[in-house]
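So the structure is just underneath, and the comments pick up after that.
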2 protein chains.
Amino acid sequence: MTITTQTLKQDNKTMNQREKKCFAVLTMAIVIATGTFLQAAPAVVNVADFGALGDDRADATPGVRAALEQCRKTRAGRLVFPKGRYHFWPEMASEAYYFISNNDEGLKRIAFPLRAMKNLEIDGQGSTFIFHGFLNPFILDGAKNVTLRNFTIDYARTFHSEARILGEHADGLDVEFSEAYPYREDNNLLIFTDGGEKPPQETTTTSREVVFPFGNLLEFDPVKRETAFMAQDYWCANGLAIEKLDGRKVRLLKKGLKGTPGNIMVFGARDRKVPGIVISDSENTLLDHVTIHHCGGMGVIGQRSRNINLQHIRITPTPDSGRIVSITADATHFVNCSGKIEIGHCVFECQKDDHSNLHGIYARVADRDGDRTIVVQLVHPQQFGFDFIRPGLQLELVQGASMNTIGLAKVKSVERINKEFTRVVCKDPLPVELNVGDVVAEMGDYPEVYIHDCRMRGNRARGLLLNNRGRTVIENNYFHTPGAALLFEGDARYWFEQAGVRDCVIRGNTFDNCNYGLWGQAAIEVTPGIEEKDRARSRYNRNILIEGNTFWVFDPRLLRVYSADGLIFRNNKIEVSTDYTAQYPDAKPFVVDFSDNVKIEPPVQRQP
Amino acid sequence: MTITTQTLKQDNKTMNQREKKCFAVLTMAIVIATGTFLQAAPAVVNVADFGALGDDRADATPGVRAALEQCRKTRAGRLVFPKGRYHFWPEMASEAYYFISNNDEGLKRIAFPLRAMKNLEIDGQGSTFIFHGFLNPFILDGAKNVTLRNFTIDYARTFHSEARILGEHADGLDVEFSEAYPYREDNNLLIFTDGGEKPPQETTTTSREVVFPFGNLLEFDPVKRETAFMAQDYWCANGLAIEKLDGRKVRLLKKGLKGTPGNIMVFGARDRKVPGIVISDSENTLLDHVTIHHCGGMGVIGQRSRNINLQHIRITPTPDSGRIVSITADATHFVNCSGKIEIGHCVFECQKDDHSNLHGIYARVADRDGDRTIVVQLVHPQQFGFDFIRPGLQLELVQGASMNTIGLAKVKSVERINKEFTRVVCKDPLPVELNVGDVVAEMGDYPEVYIHDCRMRGNRARGLLLNNRGRTVIENNYFHTPGAALLFEGDARYWFEQAGVRDCVIRGNTFDNCNYGLWGQAAIEVTPGIEEKDRARSRYNRNILIEGNTFWVFDPRLLRVYSADGLIFRNNKIEVSTDYTAQYPDAKPFVVDFSDNVKIEPPVQRQP
């Protein structure tokens, strides 16, 4: 462990005032840009005039489609929903093929297809939107100045399923499903459905049965409303054999499968085909007072977009539903975005993956052809089709093993071979050191990120993955995550996510008993995906200030750091808790390796 | 049973001469149109000049892509392959989303993407093309005057798998795989792979493992090279539990699963994502001397295309491979085609579905909106995206239950809602009788079909599905099919295939012991999908002449007919065989119901 006393390269002392001013100005700029402030009385379209009725029965999809068409034609500024409960079915929905980063690509049905939509506010006025089947709620694509506000998203049948654990058995685990999770047995395998018609014969050729594939099992604690203490993921993407017991009880035939009676076993959605709100290649998006009780993918996913503002977004299970899980993947996620990303006054809880992840994408060099041409490959299947390389772009050239920057290169021309491979010709000769297996990413234009006053808890895995090169401020949030609350990651071998902060402030947050699960080693981890042999020569994350935070801990593991340059930990409080059983009582609170300019002030510690 | 002695409405006596002349002229017209006859010396592009080498090692895909580009640029008339063994991988292949009727839609990699290609002959000069993984060999799309000749298509790893049956067990069936079919066990389930890398953890998120999903089991007889006598389909599209035994032996855990030791259990490909040669929206296509040992879908599928000529096409398992199955679905299939379809001197054997099916598509009326507007739905999932309704088209309006024509309607405008639903506005008011549940199809412009001198045997299911309104002649073919050799089908409730012949001649064919399986009730069946209660009021198939054929039969079931008008059965021979055990020795050879103008001459019958 190496702790140095050098100061950070940049003075962080006066950030608080500067930031507040800066963000106030930026917020005002967005308000003006989105036309919600200065424009006096934009034309208003009412969905009721187009047959979409909030009467909790009819399919609102065709009416909304027609109303959106009217907004386009008349350049209306607002689309409003009389407060009600609107249902949306996929049958009459719009359709388009989308590659959505870190979710699953596909030909998607879309209830609100906001392609090239400009200067529009959609106001639910407190309505609830109930979606049925594989229907994507909102996709903004090439949109500008769009605001979504005052509505709740939910689904008639969830993409995941839940069962009460009855007890362990020599062959596996016995569970019981409520009526909310229709299922059937097919060739001894468990199949989740929407309870609709079973196919007329066992072939699926003409079946219109809606099936919800599952890919993993994870135990939740319904009293604490979080993943069960130290629960592990069980993977079963290819199916799971069962034995039917009486009623709605089944025996899951998987040896070694454990679970506490009374807890909930969650059958996680196999795919991420139906994220809640997609913001792709768009500018100036505001989401305000939107609740997402459920969707089949990430809650809000932004890609290649500029200026995204999330205010009062709530991702939480449907009240009184008996459901433990909210959405099936990350609450929010931002890839190759720019401008300003703000997440304020939000609640993210009980979703099946991280709270947020802000990163770029590395494409792997698959071939070199002469001194100016490379063929690059998007390696992670959920990054296929993520076309970010365009003529004029500055590429960062990165050594794959150490993730050290080799150099820069300006793109001259691009030929897309398919969703995986792209041929890139650069303006100038590329460094000879750039080899197959190294990676390239977008250089510059990283966003400013401000995440504040949010409550994040009870999900699977980690809290915030801070992988952004632009200034990042994490302030006044509450974290109760089973893995690391804050993770500085990035790698060029598995996830291929460009990361490496340059200026990150973590201030005034509460870390409440994090790491009660298996997804991390400390409340804050600066642990990029660099193999141990390469860590000494890498300083991937830089300039992290951690101050004025409170850590409630049942295990002493606070901070794990390697390959960093510039980290200050000061004025933090620790409160020792007995809420969970310590797993590593003798662990060191701070573990720092292969780093420079790390300064750690021993925190004030109180016993319970 | 009703047999009438009235003559057919049309005199079929002199067809033989007329037809031959007609087809000779048409064939000449195609030869001229495709430029293979009169054009003296078209510019020739050699794939070797573009780096595609038939050396049995390198990836020929980029070279072929570049050579095709050169053909476009220079308007070359021929693309030639020096005789060799060429390999094609999906990595660098072209990509496009295709809806291919009766196969599975998707974003496809394509080795020979012949989009809008004109006046080109691709000559393999005896080469073999080996494809790897989910790579589509040929897609002609909007092509004109394209000829493919002199090559063989095969795959490094088949989309289906085969195992030798060891014996039955109380829990299922024990089988053994050869090294040709890599597999692994995952959570007690059987997974077929290409033998490549297993994913690093059990999640499939970043796995690049190539998996070959299976959906059914069918037993084959390796001595007779056909489906085992009276073998049934077992469906298991959602997976199959297994127990690993020693070596490459496994126990298939499916109670009631039967099989004869020494026979082959075939694990059929679940999807039809990779048909061999797709001819979509194209004109004047000639396939000549092409062998397809394997592909993951139909061998040749034509849709919305005019003039398709198949000569000397062989669909047969790879010699000396030990493989029992050739391709995973129908040998050929033609949907909404026009002009002339000829299939001559072909061999189709051991494929996993019918030899051919020539039909139109019915779209179901899902909604009526006023007197001129309907919303129609493509119901069969493998017909999704089949956009055949266009302004100016004459629609046939059909009563769903009886499949009687209600009337016609000219299309004024079309709005595609998504791949399933289309809104159609007609020029004139629609009949009041047209209701939700009725269907519409393309009227007129049906192709002439001539299938002759082909050998068709040993496949799953039926022989030819004759569902074409244009003149259809089936002559001098050999059939040995486990179901009906010839089936006149069509329905508006399950497959939604427009059928109903108007002029069909079946002459000089040999039917060798058909119906040795479970897919039919007679060698020739005229049995459209009309429910029994509606058959009396329908005469769906008309004018069928069956003459001069030879039937080898182990069961007396020759002909099953209902809802037909005009059928002559004359001058046919029957040879009673003992090659199989009779299952219905007391059945009637002719069963005719709800038909007019049916004339059956008792055939000459010889005992063995």
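Naming scheme: A, B, ... for chains in displayed order of the structure tokens; residues 1 onward per chain; ligands 1 onward as shown.
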Discussion item. Taking 5 positions as the minimum chain separation for residues in the same chain, which residues sit within 7 Å of A:Asn188 when counting only C-alpha atoms? Answer as number ranges by chain.
Written reply: A: 241-243
Fill in: All residues 8 Å or closer to A:Phe590, only C-alpha atoms, same chain fewer than 5 positions away omitted, as a ChimeraX atom specification
/A:1,557-560
Find the nearest atom pair between each residue of chain B and chain A for residues within 7 Å, count only C-alpha atoms, give distances in Å to one decimal, sort rows by chain and ascending number, and present the table as CSV.
residue,atom,partner,partner_atom,distance
B:Met92,CA,A:Ile417,CA,6.5
B:Ser94,CA,A:Asn418,CA,6.1
B:Glu95,CA,A:Asn418,CA,5.6
B:Asn187,CA,A:Cys236,CA,6.7
B:Glu202,CA,A:Trp235,CA,5.7
B:Thr203,CA,A:Trp235,CA,5.9
B:Thr206,CA,A:His380,CA,5.5
B:Trp235,CA,A:Glu202,CA,5.7
B:Cys236,CA,A:Asn187,CA,6.7
B:Gly239,CA,A:Gly239,CA,6.8
B:Leu240,CA,A:Asn187,CA,6.8
B:Ala241,CA,A:Ala241,CA,6.8
B:Lys254,CA,A:Asn187,CA,6.9
B:His380,CA,A:Thr206,CA,5.5
B:Pro381,CA,A:Thr206,CA,6.1
B:Ile417,CA,A:Ser94,CA,6.4
B:Asn418,CA,A:Glu95,CA,5.6
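Residue nearest B:Asn435, chosen from B:Gly370, B:Pro261, B:Gly195, B:Gly463 and counting only C-alpha atoms: B:Gly370.
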Skipping near chain neighbours, those fewer than 2 positions away, what residues fall within 7 Å of stretch 451-456 of chain A using only C-alpha atoms, listed as a compact mmCIF listing (two decimals) with C-alpha atoms, in the first residue's frame?
# COMPACT_ATOMS: atom_id res chain seq x y z
CA GLU A 342 -27.07 15.79 -14.99
CA ILE A 343 -28.91 13.33 -12.76
CA GLY A 344 -30.62 15.06 -9.86
CA HIS A 345 -33.16 14.18 -7.19
CA CYS A 346 -33.62 10.66 -8.52
CA VAL A 347 -34.48 7.38 -6.81
CA PHE A 348 -33.03 4.21 -8.29
CA GLU A 349 -33.83 1.00 -6.47
CA HIS A 355 -27.28 2.59 -11.10
CA VAL A 449 -21.32 14.91 -15.33
CA VAL A 473 -19.09 15.55 -9.63
CA ILE A 474 -20.94 13.08 -7.40
CA GLU A 475 -22.53 14.99 -4.56
CA ASN A 476 -25.04 14.52 -1.75
CA ASN A 477 -26.19 11.07 -2.83
CA TYR A 478 -27.19 8.09 -0.73
CA PHE A 479 -25.78 4.67 -1.69
CA HIS A 480 -26.75 1.26 -0.40
Fill in: Per-residue DSSP, stretch 277-479 of chain B, filtered to strand (DSSP E), as a ChimeraX atom specification
/B:277-280,283-292,300-303,306-311,314-315,332-335,338-344,347-349,356-361,363-369,373-377,394-398,405-416,421-426,439-442,448-452,455-457,464-466,472-475,478-479
Discussion item. Which residue is closest to A:Ile277? Choose from A:Tyr450, A:Tyr516, A:Phe220, A:Phe334 and count only C-alpha atoms.
Written reply: A:Phe334
Hey, what's within 7 Å of B:Asn459 if we count only C-alpha atoms and toss same-chain stuff fewer than 3 positions away? As a PDB file with all heavy atoms, in the first residue's frame, please?
ATOM      1  N   GLU B 226     -33.335 -42.529 -45.554  1.00  0.00           N
ATOM      2  CA  GLU B 226     -34.634 -41.852 -45.511  1.00  0.00           C
ATOM      3  C   GLU B 226     -35.107 -41.812 -44.058  1.00  0.00           C
ATOM      4  O   GLU B 226     -34.486 -42.429 -43.184  1.00  0.00           O
ATOM      5  CB  GLU B 226     -35.649 -42.619 -46.380  1.00  0.00           C
ATOM      6  CG  GLU B 226     -35.889 -44.040 -45.893  1.00  0.00           C
ATOM      7  CD  GLU B 226     -36.658 -44.919 -46.890  1.00  0.00           C
ATOM      8  OE1 GLU B 226     -36.438 -44.749 -48.104  1.00  0.00           O
ATOM      9  OE2 GLU B 226     -37.436 -45.768 -46.441  1.00  0.00           O
ATOM     10  N   THR B 227     -36.195 -41.086 -43.812  1.00  0.00           N
ATOM     11  CA  THR B 227     -36.754 -41.088 -42.454  1.00  0.00           C
ATOM     12  C   THR B 227     -37.163 -42.512 -42.093  1.00  0.00           C
ATOM     13  O   THR B 227     -37.661 -43.256 -42.941  1.00  0.00           O
ATOM     14  CB  THR B 227     -37.976 -40.153 -42.357  1.00  0.00           C
ATOM     15  OG1 THR B 227     -38.953 -40.555 -43.316  1.00  0.00           O
ATOM     16  CG2 THR B 227     -37.598 -38.696 -42.631  1.00  0.00           C
ATOM     17  N   GLU B 349     -32.808 -34.799 -52.170  1.00  0.00           N
ATOM     18  CA  GLU B 349     -32.943 -35.926 -51.246  1.00  0.00           C
ATOM     19  C   GLU B 349     -32.432 -35.598 -49.859  1.00  0.00           C
ATOM     20  O   GLU B 349     -31.542 -34.783 -49.679  1.00  0.00           O
ATOM     21  CB  GLU B 349     -32.233 -37.178 -51.800  1.00  0.00           C
ATOM     22  CG  GLU B 349     -30.747 -37.030 -52.038  1.00  0.00           C
ATOM     23  CD  GLU B 349     -30.103 -38.330 -52.546  1.00  0.00           C
ATOM     24  OE1 GLU B 349     -30.805 -39.344 -52.679  1.00  0.00           O
ATOM     25  OE2 GLU B 349     -28.882 -38.307 -52.791  1.00  0.00           O
ATOM     26  N   CYS B 350     -33.061 -36.265 -48.907  1.00  0.00           N
ATOM     27  CA  CYS B 350     -32.615 -36.258 -47.507  1.00  0.00           C
ATOM     28  C   CYS B 350     -32.655 -34.875 -46.862  1.00  0.00           C
ATOM     29  O   CYS B 350     -31.955 -34.653 -45.866  1.00  0.00           O
ATOM     30  CB  CYS B 350     -31.217 -36.851 -47.376  1.00  0.00           C
ATOM     31  SG  CYS B 350     -31.119 -38.539 -48.016  1.00  0.00           S
ATOM     32  N   GLN B 351     -33.420 -33.953 -47.419  1.00  0.00           N
ATOM     33  CA  GLN B 351     -33.538 -32.663 -46.734  1.00  0.00           C
ATOM     34  C   GLN B 351     -34.651 -32.738 -45.682  1.00  0.00           C
ATOM     35  O   GLN B 351     -35.498 -33.621 -45.743  1.00  0.00           O
ATOM     36  CB  GLN B 351     -33.777 -31.521 -47.729  1.00  0.00           C
ATOM     37  CG  GLN B 351     -35.173 -31.410 -48.294  1.00  0.00           C
ATOM     38  CD  GLN B 351     -35.401 -32.312 -49.492  1.00  0.00           C
ATOM     39  OE1 GLN B 351     -34.546 -33.115 -49.860  1.00  0.00           O
ATOM     40  NE2 GLN B 351     -36.572 -32.192 -50.097  1.00  0.00           N
ATOM     41  N   LYS B 352     -34.659 -31.777 -44.763  1.00  0.00           N
ATOM     42  CA  LYS B 352     -35.553 -31.861 -43.606  1.00  0.00           C
ATOM     43  C   LYS B 352     -36.959 -31.311 -43.848  1.00  0.00           C
ATOM     44  O   LYS B 352     -37.705 -31.111 -42.884  1.00  0.00           O
ATOM     45  CB  LYS B 352     -34.919 -31.182 -42.389  1.00  0.00           C
ATOM     46  CG  LYS B 352     -34.000 -32.058 -41.560  1.00  0.00           C
ATOM     47  CD  LYS B 352     -34.671 -33.237 -40.835  1.00  0.00           C
ATOM     48  CE  LYS B 352     -35.762 -32.858 -39.861  1.00  0.00           C
ATOM     49  NZ  LYS B 352     -35.360 -32.056 -38.762  1.00  0.00           N
ATOM     50  N   ASP B 353     -37.321 -31.046 -45.109  1.00  0.00           N
ATOM     51  CA  ASP B 353     -38.722 -30.704 -45.364  1.00  0.00           C
ATOM     52  C   ASP B 353     -39.055 -30.927 -46.839  1.00  0.00           C
ATOM     53  O   ASP B 353     -38.257 -31.515 -47.567  1.00  0.00           O
ATOM     54  CB  ASP B 353     -39.038 -29.281 -44.888  1.00  0.00           C
ATOM     55  CG  ASP B 353     -40.413 -29.196 -44.212  1.00  0.00           C
ATOM     56  OD1 ASP B 353     -41.298 -29.984 -44.569  1.00  0.00           O
ATOM     57  OD2 ASP B 353     -40.590 -28.345 -43.336  1.00  0.00           O
ATOM     58  N   ASP B 354     -40.205 -30.442 -47.268  1.00  0.00           N
ATOM     59  CA  ASP B 354     -40.749 -30.762 -48.596  1.00  0.00           C
ATOM     60  C   ASP B 354     -39.782 -30.471 -49.756  1.00  0.00           C
ATOM     61  O   ASP B 354     -38.841 -29.696 -49.635  1.00  0.00           O
ATOM     62  CB  ASP B 354     -42.031 -29.950 -48.806  1.00  0.00           C
ATOM     63  CG  ASP B 354     -42.983 -30.058 -47.624  1.00  0.00           C
ATOM     64  OD1 ASP B 354     -43.128 -31.157 -47.064  1.00  0.00           O
ATOM     65  OD2 ASP B 354     -43.560 -29.023 -47.239  1.00  0.00           O
ATOM     66  N   THR B 481     -41.393 -40.387 -51.116  1.00  0.00           N
ATOM     67  CA  THR B 481     -41.549 -39.425 -50.019  1.00  0.00           C
ATOM     68  C   THR B 481     -42.316 -40.061 -48.866  1.00  0.00           C
ATOM     69  O   THR B 481     -43.235 -40.848 -49.088  1.00  0.00           O
ATOM     70  CB  THR B 481     -42.357 -38.197 -50.498  1.00  0.00           C
ATOM     71  OG1 THR B 481     -43.561 -38.657 -51.126  1.00  0.00           O
ATOM     72  CG2 THR B 481     -41.569 -37.384 -51.500  1.00  0.00           C
TER      73      THR B 481
END
Item to complete: Report the distance between atom CA of A:Pro391 and atom CA of A:Thr332 in Å, rounded to one decimal place.
Response: 29.4 Å
Practice prompt. Extract, using only C-alpha atoms, all DNA, RNA and protein residues at most 7 Å from A:Leu218, discarding same-chain residues fewer than 3 positions from it, and format them as a ChimeraX atom specification.
Written response: /A:231-234,265-267
Fill in: Spatial neighbours of A:Thr260, 10 Å, only C-alpha atoms, chain gap at least 6 places, as a list in words
Arg164, Ile165, Leu166, Gly167, Glu168, Leu173, Glu219, Phe220, Asp221 and Ala228 of chain A
Export, as a PDB file, in the first residue's frame, the selected residues with all heavy atoms.
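Once everything was written out, this is part24.pdb:
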ATOM      1  N   ARG A 164     -41.438 -17.300  -4.696  1.00  0.00           N
ATOM      2  CA  ARG A 164     -41.104 -17.402  -3.271  1.00  0.00           C
ATOM      3  C   ARG A 164     -40.342 -18.704  -3.048  1.00  0.00           C
ATOM      4  O   ARG A 164     -40.733 -19.760  -3.561  1.00  0.00           O
ATOM      5  CB  ARG A 164     -42.391 -17.383  -2.441  1.00  0.00           C
ATOM      6  CG  ARG A 164     -42.181 -17.171  -0.940  1.00  0.00           C
ATOM      7  CD  ARG A 164     -43.520 -16.854  -0.269  1.00  0.00           C
ATOM      8  NE  ARG A 164     -44.510 -17.885  -0.540  1.00  0.00           N
ATOM      9  CZ  ARG A 164     -44.713 -18.958   0.242  1.00  0.00           C
ATOM     10  NH1 ARG A 164     -44.007 -19.128   1.349  1.00  0.00           N
ATOM     11  NH2 ARG A 164     -45.630 -19.843  -0.069  1.00  0.00           N
ATOM     12  N   ILE A 165     -39.247 -18.626  -2.325  1.00  0.00           N
ATOM     13  CA  ILE A 165     -38.452 -19.826  -2.050  1.00  0.00           C
ATOM     14  C   ILE A 165     -39.120 -20.623  -0.926  1.00  0.00           C
ATOM     15  O   ILE A 165     -39.438 -20.083   0.140  1.00  0.00           O
ATOM     16  CB  ILE A 165     -37.013 -19.436  -1.653  1.00  0.00           C
ATOM     17  CG1 ILE A 165     -36.322 -18.754  -2.848  1.00  0.00           C
ATOM     18  CG2 ILE A 165     -36.220 -20.650  -1.182  1.00  0.00           C
ATOM     19  CD1 ILE A 165     -34.986 -18.128  -2.521  1.00  0.00           C
ATOM     20  N   LEU A 166     -39.352 -21.921  -1.212  1.00  0.00           N
ATOM     21  CA  LEU A 166     -39.977 -22.797  -0.213  1.00  0.00           C
ATOM     22  C   LEU A 166     -38.927 -23.566   0.574  1.00  0.00           C
ATOM     23  O   LEU A 166     -39.071 -23.749   1.788  1.00  0.00           O
ATOM     24  CB  LEU A 166     -40.920 -23.781  -0.906  1.00  0.00           C
ATOM     25  CG  LEU A 166     -42.044 -23.146  -1.747  1.00  0.00           C
ATOM     26  CD1 LEU A 166     -42.833 -24.208  -2.487  1.00  0.00           C
ATOM     27  CD2 LEU A 166     -42.966 -22.316  -0.858  1.00  0.00           C
ATOM     28  N   GLY A 167     -37.898 -24.032  -0.114  1.00  0.00           N
ATOM     29  CA  GLY A 167     -36.870 -24.780   0.609  1.00  0.00           C
ATOM     30  C   GLY A 167     -35.930 -25.488  -0.334  1.00  0.00           C
ATOM     31  O   GLY A 167     -36.219 -25.671  -1.514  1.00  0.00           O
ATOM     32  N   GLU A 168     -34.784 -25.883   0.198  1.00  0.00           N
ATOM     33  CA  GLU A 168     -33.783 -26.581  -0.605  1.00  0.00           C
ATOM     34  C   GLU A 168     -34.114 -28.070  -0.674  1.00  0.00           C
ATOM     35  O   GLU A 168     -34.781 -28.612   0.200  1.00  0.00           O
ATOM     36  CB  GLU A 168     -32.393 -26.344  -0.010  1.00  0.00           C
ATOM     37  CG  GLU A 168     -31.954 -24.884  -0.159  1.00  0.00           C
ATOM     38  CD  GLU A 168     -30.669 -24.542   0.593  1.00  0.00           C
ATOM     39  OE1 GLU A 168     -30.035 -25.478   1.136  1.00  0.00           O
ATOM     40  OE2 GLU A 168     -30.309 -23.350   0.633  1.00  0.00           O
ATOM     41  N   LEU A 173     -33.978 -26.602  -5.824  1.00  0.00           N
ATOM     42  CA  LEU A 173     -34.667 -25.675  -4.943  1.00  0.00           C
ATOM     43  C   LEU A 173     -36.159 -25.652  -5.289  1.00  0.00           C
ATOM     44  O   LEU A 173     -36.529 -25.613  -6.454  1.00  0.00           O
ATOM     45  CB  LEU A 173     -34.068 -24.267  -5.140  1.00  0.00           C
ATOM     46  CG  LEU A 173     -34.380 -23.204  -4.106  1.00  0.00           C
ATOM     47  CD1 LEU A 173     -33.663 -23.506  -2.786  1.00  0.00           C
ATOM     48  CD2 LEU A 173     -33.944 -21.834  -4.613  1.00  0.00           C
ATOM     49  N   GLU A 219     -31.226 -14.278  -5.716  1.00  0.00           N
ATOM     50  CA  GLU A 219     -32.104 -14.263  -4.545  1.00  0.00           C
ATOM     51  C   GLU A 219     -32.213 -12.864  -3.956  1.00  0.00           C
ATOM     52  O   GLU A 219     -31.205 -12.172  -3.797  1.00  0.00           O
ATOM     53  CB  GLU A 219     -31.517 -15.230  -3.506  1.00  0.00           C
ATOM     54  CG  GLU A 219     -32.361 -15.408  -2.259  1.00  0.00           C
ATOM     55  CD  GLU A 219     -31.675 -16.315  -1.238  1.00  0.00           C
ATOM     56  OE1 GLU A 219     -30.631 -16.924  -1.571  1.00  0.00           O
ATOM     57  OE2 GLU A 219     -32.171 -16.379  -0.097  1.00  0.00           O
ATOM     58  N   PHE A 220     -33.427 -12.464  -3.635  1.00  0.00           N
ATOM     59  CA  PHE A 220     -33.666 -11.167  -3.005  1.00  0.00           C
ATOM     60  C   PHE A 220     -34.297 -11.362  -1.624  1.00  0.00           C
ATOM     61  O   PHE A 220     -34.987 -12.344  -1.372  1.00  0.00           O
ATOM     62  CB  PHE A 220     -34.604 -10.310  -3.865  1.00  0.00           C
ATOM     63  CG  PHE A 220     -33.911  -9.558  -4.975  1.00  0.00           C
ATOM     64  CD1 PHE A 220     -33.359 -10.234  -6.071  1.00  0.00           C
ATOM     65  CD2 PHE A 220     -33.800  -8.176  -4.935  1.00  0.00           C
ATOM     66  CE1 PHE A 220     -32.722  -9.538  -7.102  1.00  0.00           C
ATOM     67  CE2 PHE A 220     -33.163  -7.467  -5.960  1.00  0.00           C
ATOM     68  CZ  PHE A 220     -32.629  -8.147  -7.031  1.00  0.00           C
ATOM     69  N   ASP A 221     -34.075 -10.383  -0.772  1.00  0.00           N
ATOM     70  CA  ASP A 221     -34.629 -10.368   0.582  1.00  0.00           C
ATOM     71  C   ASP A 221     -35.828  -9.417   0.585  1.00  0.00           C
ATOM     72  O   ASP A 221     -35.660  -8.200   0.429  1.00  0.00           O
ATOM     73  CB  ASP A 221     -33.521  -9.869   1.528  1.00  0.00           C
ATOM     74  CG  ASP A 221     -33.967  -9.791   2.977  1.00  0.00           C
ATOM     75  OD1 ASP A 221     -35.174  -9.577   3.224  1.00  0.00           O
ATOM     76  OD2 ASP A 221     -33.104  -9.920   3.859  1.00  0.00           O
ATOM     77  N   ALA A 228     -30.329 -10.684  -1.503  1.00  0.00           N
ATOM     78  CA  ALA A 228     -30.051 -11.369  -0.243  1.00  0.00           C
ATOM     79  C   ALA A 228     -28.559 -11.270   0.083  1.00  0.00           C
ATOM     80  O   ALA A 228     -27.717 -11.182  -0.808  1.00  0.00           O
ATOM     81  CB  ALA A 228     -30.480 -12.837  -0.346  1.00  0.00           C
TER      82      ALA A 228
END
Worksheet entry | Nearest residue to B:Arg502 from the set B:Val553, B:Ala441, B:Asp565, B:Ser538 (distances using only C-alpha atoms) | B:Asp565
Practice prompt. With a distance cut-off of 6 Å and only C-alpha atoms, select the neighbouring residues of A:Val436, excluding the residue or stretch itself and same-chain residues fewer than 5 positions from it, and output the selection as a list in words.
Written response: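 Residues near the query, excluding close chain neighbours: Val365, Ala366 and Asp367 of chain A.
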Worksheet entry | One-decimal distance in Å that lies between atom CA of A:Arg225 and atom CA of A:Asn263 |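 Separating atom CA of A:Asn263 from atom CA of A:Arg225 is a distance of 10.1 Å.
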Worksheet item: In Å, how far is it from atom CA of B:Val592 to atom CA of B:Leu567?
Response: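 Atom CA of B:Leu567 lies 10.3 Å from atom CA of B:Val592.
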